[in-house]
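**Q** Structure file input-v7.csv (CSV, C-alpha atoms) is given on the next line.
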```
chain,number,residue,atom,x,y,z
A,819,MET,CA,119.4,-37.7,-150.8
A,820,ILE,CA,118.1,-40.5,-153.1
A,821,ALA,CA,114.5,-39.5,-152.2
A,822,TRP,CA,115.3,-35.8,-153.1
A,823,LEU,CA,116.8,-36.9,-156.4
A,824,LEU,CA,113.9,-39.1,-157.2
A,825,ALA,CA,111.4,-36.3,-156.4
A,826,TRP,CA,113.5,-33.8,-158.4
A,827,ARG,CA,113.6,-36.2,-161.3
A,828,LYS,CA,109.9,-37.0,-161.2
A,829,SER,CA,108.9,-33.4,-161.2
A,830,GLY,CA,111.4,-32.6,-163.8
A,831,GLY,CA,113.1,-30.1,-161.5
A,832,ALA,CA,110.0,-28.0,-161.6
A,833,PHE,CA,110.2,-27.1,-157.9
A,834,LEU,CA,113.6,-25.6,-158.5
A,835,ASP,CA,113.6,-22.4,-160.5
A,836,TRP,CA,117.1,-23.0,-161.8
A,837,HIS,CA,116.2,-26.2,-163.7
A,838,GLY,CA,118.8,-27.1,-166.3
A,839,SER,CA,121.2,-24.3,-165.3
A,840,ARG,CA,124.8,-24.7,-164.6
A,841,GLY,CA,124.3,-24.0,-160.9
A,842,GLN,CA,122.0,-26.9,-160.6
A,843,ILE,CA,124.4,-29.3,-162.2
A,844,ILE,CA,127.2,-28.1,-159.9
A,845,ALA,CA,124.9,-28.5,-156.8
A,846,ILE,CA,124.0,-32.0,-157.8
A,847,VAL,CA,127.7,-32.9,-158.4
A,848,PHE,CA,128.7,-31.6,-155.0
A,849,LEU,CA,125.7,-33.2,-153.3
A,850,SER,CA,126.6,-36.6,-154.9
A,851,LEU,CA,130.3,-36.2,-154.1
A,852,GLY,CA,129.4,-35.4,-150.4
A,853,THR,CA,127.2,-38.4,-150.2
A,854,LEU,CA,129.8,-40.6,-151.8
A,855,LEU,CA,132.5,-39.4,-149.4
A,856,PHE,CA,130.1,-39.9,-146.4
A,857,SER,CA,129.4,-43.5,-147.6
A,858,VAL,CA,133.1,-44.2,-148.0
A,859,SER,CA,133.8,-42.9,-144.5
A,860,ARG,CA,131.2,-45.4,-143.1
A,861,ILE,CA,132.7,-48.3,-145.1
A,862,SER,CA,136.5,-47.9,-145.0
A,863,LEU,CA,138.4,-45.8,-142.5
A,864,PRO,CA,141.8,-46.3,-144.1
A,865,LEU,CA,140.4,-45.1,-147.5
A,866,THR,CA,138.9,-42.1,-145.7
A,867,ARG,CA,142.2,-41.3,-144.1
A,868,THR,CA,143.9,-41.4,-147.6
A,869,ILE,CA,141.2,-39.1,-149.0
A,870,TYR,CA,141.6,-36.8,-146.1
A,871,LEU,CA,145.4,-36.6,-146.3
A,872,THR,CA,145.3,-36.1,-150.0
A,873,TRP,CA,142.7,-33.3,-149.6
A,874,MET,CA,144.7,-31.6,-146.9
A,875,SER,CA,147.9,-31.8,-148.9
A,876,VAL,CA,146.1,-29.9,-151.7
A,877,ALA,CA,144.2,-27.5,-149.5
A,878,ASN,CA,147.1,-26.4,-147.3
A,879,PRO,CA,149.2,-24.8,-150.0
A,880,ILE,CA,146.0,-23.2,-151.5
A,881,GLY,CA,145.2,-21.7,-148.0
A,882,LEU,CA,148.8,-20.5,-147.6
A,883,VAL,CA,148.8,-18.7,-150.9
A,884,MET,CA,145.3,-17.2,-150.4
A,885,SER,CA,146.1,-15.9,-146.9
A,886,ILE,CA,149.3,-14.2,-148.3
A,887,VAL,CA,147.3,-12.7,-151.2
A,888,MET,CA,144.5,-11.5,-149.0
A,889,LEU,CA,146.8,-10.0,-146.4
A,890,THR,CA,148.8,-8.3,-149.1
A,891,ILE,CA,145.7,-6.8,-150.6
A,892,LEU,CA,144.6,-5.7,-147.1
A,893,PHE,CA,147.9,-4.1,-146.1
A,894,ALA,CA,149.0,-2.7,-149.4
A,895,ILE,CA,145.7,-1.5,-150.9
A,896,ILE,CA,142.8,-1.2,-148.4
A,897,LEU,CA,144.5,0.1,-145.3
A,898,PRO,CA,146.5,2.9,-147.1
A,899,ILE,CA,143.3,4.1,-148.9
A,900,PHE,CA,141.4,4.0,-145.6
A,901,SER,CA,144.1,5.9,-143.8
A,902,LEU,CA,144.1,8.6,-146.5
A,903,ILE,CA,140.3,9.0,-146.2
A,904,ILE,CA,140.5,9.2,-142.4
A,905,ARG,CA,143.4,11.6,-142.5
A,906,ALA,CA,141.5,13.9,-144.9
A,907,ALA,CA,138.3,13.8,-142.7
A,908,ASP,CA,140.3,14.5,-139.5
A,909,PRO,CA,137.9,12.8,-137.1
A,910,LEU,CA,140.0,13.6,-134.0
A,911,ARG,CA,140.1,17.3,-135.1
A,912,LYS,CA,143.9,17.3,-134.9
A,913,ARG,CA,144.9,20.4,-136.7
A,914,LEU,CA,148.2,19.6,-138.2
A,915,GLY,CA,151.0,22.0,-137.2
A,916,ALA,CA,149.1,23.4,-134.1
A,917,ALA,CA,151.0,24.2,-131.0
A,918,THR,CA,148.6,22.2,-128.9
A,919,TYR,CA,145.7,19.9,-129.4
A,920,TRP,CA,144.0,20.9,-126.2
A,921,GLU,CA,140.2,21.4,-126.5
A,922,ASP,CA,138.4,23.5,-123.9
A,923,TYR,CA,135.6,21.6,-122.2
A,924,PRO,CA,132.4,23.7,-121.6
A,925,ASN,CA,131.5,24.0,-117.9
A,926,HIS,CA,128.1,22.7,-116.8
A,927,ASP,CA,126.0,24.0,-114.0
A,928,PRO,CA,126.2,21.6,-111.0
A,929,THR,CA,122.4,21.1,-110.9
A,930,LEU,CA,120.8,18.1,-109.2
A,931,GLU,CA,119.5,16.8,-112.6
A,932,ARG,CA,123.0,17.0,-114.1
A,933,LEU,CA,124.5,15.2,-111.1
A,934,ARG,CA,122.0,12.4,-111.5
A,935,ARG,CA,123.2,11.8,-115.0
A,936,PRO,CA,127.0,12.2,-114.9
A,937,PHE,CA,127.5,10.8,-118.4
```
Produce structure tokens that represent the structure in this file.
**A**
Amino acid sequence: MIAWLLAWRKSGGAFLDWHGSRGQIIAIVFLSLGTLLFSVSRISLPLTRTIYLTWMSVANPIGLVMSIVMLTILFAIILPIFSLIIRAADPLRKRLGAATYWEDYPNHDPTLERLRRPF
């Protein structure tokens, strides 16, 4: 990572098209944070455990809320719209109000070629 940062600094970020943009700054911050956390995990396991437990105590409620929000959107918005579209298209050709949904199957001649390919 240090070599990458030195090469990036020496070239002025020229090999990256997003030089000076907000995305580049965020990427460098996350890369540095990841390197720092990796280094801490190699140095002090109790500190790593504390960081992990803190991170999980924050991430668990976020995950719980996001899963409820996403499932609510799925079941309250997306599935009803999908079911209305499918019902309007009638892919099973179920004519509503019909006495029967039976469809006559056309008979095929029992030729040798037809019997070789049953499906």
**Q** For the atom pair atom CA of A:Ile869 and atom CA of A:Leu854, what is the interatomic distance in Å to one decimal place?
**A** 11.8 Å
**Q** Please report the interatomic distance between atom CA of A:Arg935 and atom CA of A:Tyr919 in Å with one decimal.
**A**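 Atom-to-atom, atom CA of A:Arg935 and atom CA of A:Tyr919 are spaced 27.9 Å apart.
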**Q** Find the spatial neighbours of stretch 870-887 of chain A, counting all atoms listed in the file, within a cut-off of 12 Å - ignore same-chain residues fewer than 6 positions away - and output them as a PyMOL selection string.
**A** chain A and resi 855-856+858-859+863-864+893-895
**Q** Suppose you want the space between atom CA of A:Ile904 and atom CA of A:Ala917; what is it in Å?
**A**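 Separation between atom CA of A:Ile904 and atom CA of A:Ala917: 21.6 Å.
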**Q** From the structure just shown, export stretch 842-880 of chain A with N, CA and C atoms as a PDB file, in the first residue's frame.
**A**
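Result file decode-v9.pdb:
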```
ATOM      1  N   GLN A 842     -11.770   9.709  -5.045  1.00  0.00           N
ATOM      2  CA  GLN A 842     -10.387   9.345  -4.788  1.00  0.00           C
ATOM      3  C   GLN A 842     -10.044   9.537  -3.312  1.00  0.00           C
ATOM      4  N   ILE A 843     -10.512  10.596  -2.741  1.00  0.00           N
ATOM      5  CA  ILE A 843     -10.244  10.861  -1.328  1.00  0.00           C
ATOM      6  C   ILE A 843     -10.898   9.792  -0.459  1.00  0.00           C
ATOM      7  N   ILE A 844     -12.130   9.446  -0.779  1.00  0.00           N
ATOM      8  CA  ILE A 844     -12.834   8.409  -0.012  1.00  0.00           C
ATOM      9  C   ILE A 844     -12.125   7.066  -0.152  1.00  0.00           C
ATOM     10  N   ALA A 845     -11.667   6.738  -1.373  1.00  0.00           N
ATOM     11  CA  ALA A 845     -10.959   5.476  -1.590  1.00  0.00           C
ATOM     12  C   ALA A 845      -9.677   5.427  -0.780  1.00  0.00           C
ATOM     13  N   ILE A 846      -8.947   6.520  -0.748  1.00  0.00           N
ATOM     14  CA  ILE A 846      -7.697   6.552   0.013  1.00  0.00           C
ATOM     15  C   ILE A 846      -7.977   6.458   1.513  1.00  0.00           C
ATOM     16  N   VAL A 847      -9.036   7.098   1.972  1.00  0.00           N
ATOM     17  CA  VAL A 847      -9.395   7.014   3.397  1.00  0.00           C
ATOM     18  C   VAL A 847      -9.735   5.573   3.766  1.00  0.00           C
ATOM     19  N   PHE A 848     -10.542   4.891   2.946  1.00  0.00           N
ATOM     20  CA  PHE A 848     -10.899   3.498   3.244  1.00  0.00           C
ATOM     21  C   PHE A 848      -9.699   2.573   3.131  1.00  0.00           C
ATOM     22  N   LEU A 849      -8.840   2.800   2.160  1.00  0.00           N
ATOM     23  CA  LEU A 849      -7.634   1.995   2.030  1.00  0.00           C
ATOM     24  C   LEU A 849      -6.736   2.183   3.242  1.00  0.00           C
ATOM     25  N   SER A 850      -6.569   3.403   3.684  1.00  0.00           N
ATOM     26  CA  SER A 850      -5.744   3.685   4.866  1.00  0.00           C
ATOM     27  C   SER A 850      -6.370   3.084   6.118  1.00  0.00           C
ATOM     28  N   LEU A 851      -7.687   3.210   6.249  1.00  0.00           N
ATOM     29  CA  LEU A 851      -8.373   2.640   7.405  1.00  0.00           C
ATOM     30  C   LEU A 851      -8.236   1.124   7.437  1.00  0.00           C
ATOM     31  N   GLY A 852      -8.377   0.488   6.284  1.00  0.00           N
ATOM     32  CA  GLY A 852      -8.210  -0.961   6.213  1.00  0.00           C
ATOM     33  C   GLY A 852      -6.807  -1.393   6.566  1.00  0.00           C
ATOM     34  N   THR A 853      -5.826  -0.651   6.084  1.00  0.00           N
ATOM     35  CA  THR A 853      -4.437  -0.965   6.408  1.00  0.00           C
ATOM     36  C   THR A 853      -4.171  -0.766   7.897  1.00  0.00           C
ATOM     37  N   LEU A 854      -4.714   0.281   8.469  1.00  0.00           N
ATOM     38  CA  LEU A 854      -4.546   0.536   9.896  1.00  0.00           C
ATOM     39  C   LEU A 854      -5.179  -0.585  10.720  1.00  0.00           C
ATOM     40  N   LEU A 855      -6.398  -0.990  10.365  1.00  0.00           N
ATOM     41  CA  LEU A 855      -7.065  -2.061  11.110  1.00  0.00           C
ATOM     42  C   LEU A 855      -6.323  -3.384  10.963  1.00  0.00           C
ATOM     43  N   PHE A 856      -5.792  -3.642   9.773  1.00  0.00           N
ATOM     44  CA  PHE A 856      -5.000  -4.863   9.592  1.00  0.00           C
ATOM     45  C   PHE A 856      -3.757  -4.820  10.470  1.00  0.00           C
ATOM     46  N   SER A 857      -3.097  -3.676  10.503  1.00  0.00           N
ATOM     47  CA  SER A 857      -1.889  -3.543  11.319  1.00  0.00           C
ATOM     48  C   SER A 857      -2.206  -3.717  12.800  1.00  0.00           C
ATOM     49  N   VAL A 858      -3.312  -3.128  13.246  1.00  0.00           N
ATOM     50  CA  VAL A 858      -3.720  -3.269  14.653  1.00  0.00           C
ATOM     51  C   VAL A 858      -4.023  -4.728  14.967  1.00  0.00           C
ATOM     52  N   SER A 859      -4.644  -5.441  14.015  1.00  0.00           N
ATOM     53  CA  SER A 859      -4.974  -6.845  14.276  1.00  0.00           C
ATOM     54  C   SER A 859      -3.722  -7.707  14.391  1.00  0.00           C
ATOM     55  N   ARG A 860      -2.641  -7.317  13.753  1.00  0.00           N
ATOM     56  CA  ARG A 860      -1.382  -8.065  13.852  1.00  0.00           C
ATOM     57  C   ARG A 860      -0.636  -7.721  15.134  1.00  0.00           C
ATOM     58  N   ILE A 861      -0.913  -6.558  15.717  1.00  0.00           N
ATOM     59  CA  ILE A 861      -0.172  -6.099  16.896  1.00  0.00           C
ATOM     60  C   ILE A 861      -0.889  -6.481  18.189  1.00  0.00           C
ATOM     61  N   SER A 862      -2.201  -6.191  18.288  1.00  0.00           N
ATOM     62  CA  SER A 862      -2.906  -6.357  19.553  1.00  0.00           C
ATOM     63  C   SER A 862      -4.256  -7.042  19.328  1.00  0.00           C
ATOM     64  N   LEU A 863      -4.350  -8.300  19.738  1.00  0.00           N
ATOM     65  CA  LEU A 863      -5.605  -9.027  19.579  1.00  0.00           C
ATOM     66  C   LEU A 863      -6.725  -8.500  20.492  1.00  0.00           C
ATOM     67  N   PRO A 864      -6.451  -8.109  21.759  1.00  0.00           N
ATOM     68  CA  PRO A 864      -7.535  -7.557  22.579  1.00  0.00           C
ATOM     69  C   PRO A 864      -8.122  -6.265  21.994  1.00  0.00           C
ATOM     70  N   LEU A 865      -7.261  -5.424  21.421  1.00  0.00           N
ATOM     71  CA  LEU A 865      -7.752  -4.195  20.794  1.00  0.00           C
ATOM     72  C   LEU A 865      -8.585  -4.526  19.559  1.00  0.00           C
ATOM     73  N   THR A 866      -8.148  -5.536  18.820  1.00  0.00           N
ATOM     74  CA  THR A 866      -8.909  -5.974  17.644  1.00  0.00           C
ATOM     75  C   THR A 866     -10.283  -6.486  18.061  1.00  0.00           C
ATOM     76  N   ARG A 867     -10.344  -7.218  19.149  1.00  0.00           N
ATOM     77  CA  ARG A 867     -11.631  -7.721  19.649  1.00  0.00           C
ATOM     78  C   ARG A 867     -12.551  -6.562  20.033  1.00  0.00           C
ATOM     79  N   THR A 868     -12.001  -5.543  20.684  1.00  0.00           N
ATOM     80  CA  THR A 868     -12.792  -4.373  21.056  1.00  0.00           C
ATOM     81  C   THR A 868     -13.327  -3.653  19.826  1.00  0.00           C
ATOM     82  N   ILE A 869     -12.467  -3.487  18.819  1.00  0.00           N
ATOM     83  CA  ILE A 869     -12.900  -2.844  17.575  1.00  0.00           C
ATOM     84  C   ILE A 869     -13.999  -3.670  16.916  1.00  0.00           C
ATOM     85  N   TYR A 870     -13.808  -4.995  16.886  1.00  0.00           N
ATOM     86  CA  TYR A 870     -14.802  -5.880  16.274  1.00  0.00           C
ATOM     87  C   TYR A 870     -16.141  -5.804  16.995  1.00  0.00           C
ATOM     88  N   LEU A 871     -16.126  -5.893  18.308  1.00  0.00           N
ATOM     89  CA  LEU A 871     -17.382  -5.860  19.069  1.00  0.00           C
ATOM     90  C   LEU A 871     -18.082  -4.509  18.919  1.00  0.00           C
ATOM     91  N   THR A 872     -17.318  -3.431  18.896  1.00  0.00           N
ATOM     92  CA  THR A 872     -17.915  -2.108  18.682  1.00  0.00           C
ATOM     93  C   THR A 872     -18.542  -2.025  17.301  1.00  0.00           C
ATOM     94  N   TRP A 873     -17.803  -2.480  16.293  1.00  0.00           N
ATOM     95  CA  TRP A 873     -18.305  -2.449  14.913  1.00  0.00           C
ATOM     96  C   TRP A 873     -19.585  -3.281  14.782  1.00  0.00           C
ATOM     97  N   MET A 874     -19.609  -4.463  15.376  1.00  0.00           N
ATOM     98  CA  MET A 874     -20.785  -5.331  15.283  1.00  0.00           C
ATOM     99  C   MET A 874     -21.970  -4.756  16.065  1.00  0.00           C
ATOM    100  N   SER A 875     -21.700  -4.069  17.181  1.00  0.00           N
ATOM    101  CA  SER A 875     -22.800  -3.476  17.940  1.00  0.00           C
ATOM    102  C   SER A 875     -23.431  -2.314  17.173  1.00  0.00           C
ATOM    103  N   VAL A 876     -22.678  -1.695  16.270  1.00  0.00           N
ATOM    104  CA  VAL A 876     -23.224  -0.638  15.423  1.00  0.00           C
ATOM    105  C   VAL A 876     -23.873  -1.241  14.175  1.00  0.00           C
ATOM    106  N   ALA A 877     -23.230  -2.245  13.568  1.00  0.00           N
ATOM    107  CA  ALA A 877     -23.704  -2.810  12.298  1.00  0.00           C
ATOM    108  C   ALA A 877     -24.951  -3.668  12.460  1.00  0.00           C
ATOM    109  N   ASN A 878     -25.108  -4.337  13.596  1.00  0.00           N
ATOM    110  CA  ASN A 878     -26.261  -5.218  13.784  1.00  0.00           C
ATOM    111  C   ASN A 878     -27.590  -4.453  13.750  1.00  0.00           C
ATOM    112  N   PRO A 879     -27.770  -3.356  14.480  1.00  0.00           N
ATOM    113  CA  PRO A 879     -29.041  -2.624  14.370  1.00  0.00           C
ATOM    114  C   PRO A 879     -29.263  -2.035  12.974  1.00  0.00           C
ATOM    115  N   ILE A 880     -28.181  -1.591  12.326  1.00  0.00           N
ATOM    116  CA  ILE A 880     -28.326  -1.068  10.967  1.00  0.00           C
ATOM    117  C   ILE A 880     -28.827  -2.169  10.039  1.00  0.00           C
TER     118      ILE A 880
END
```
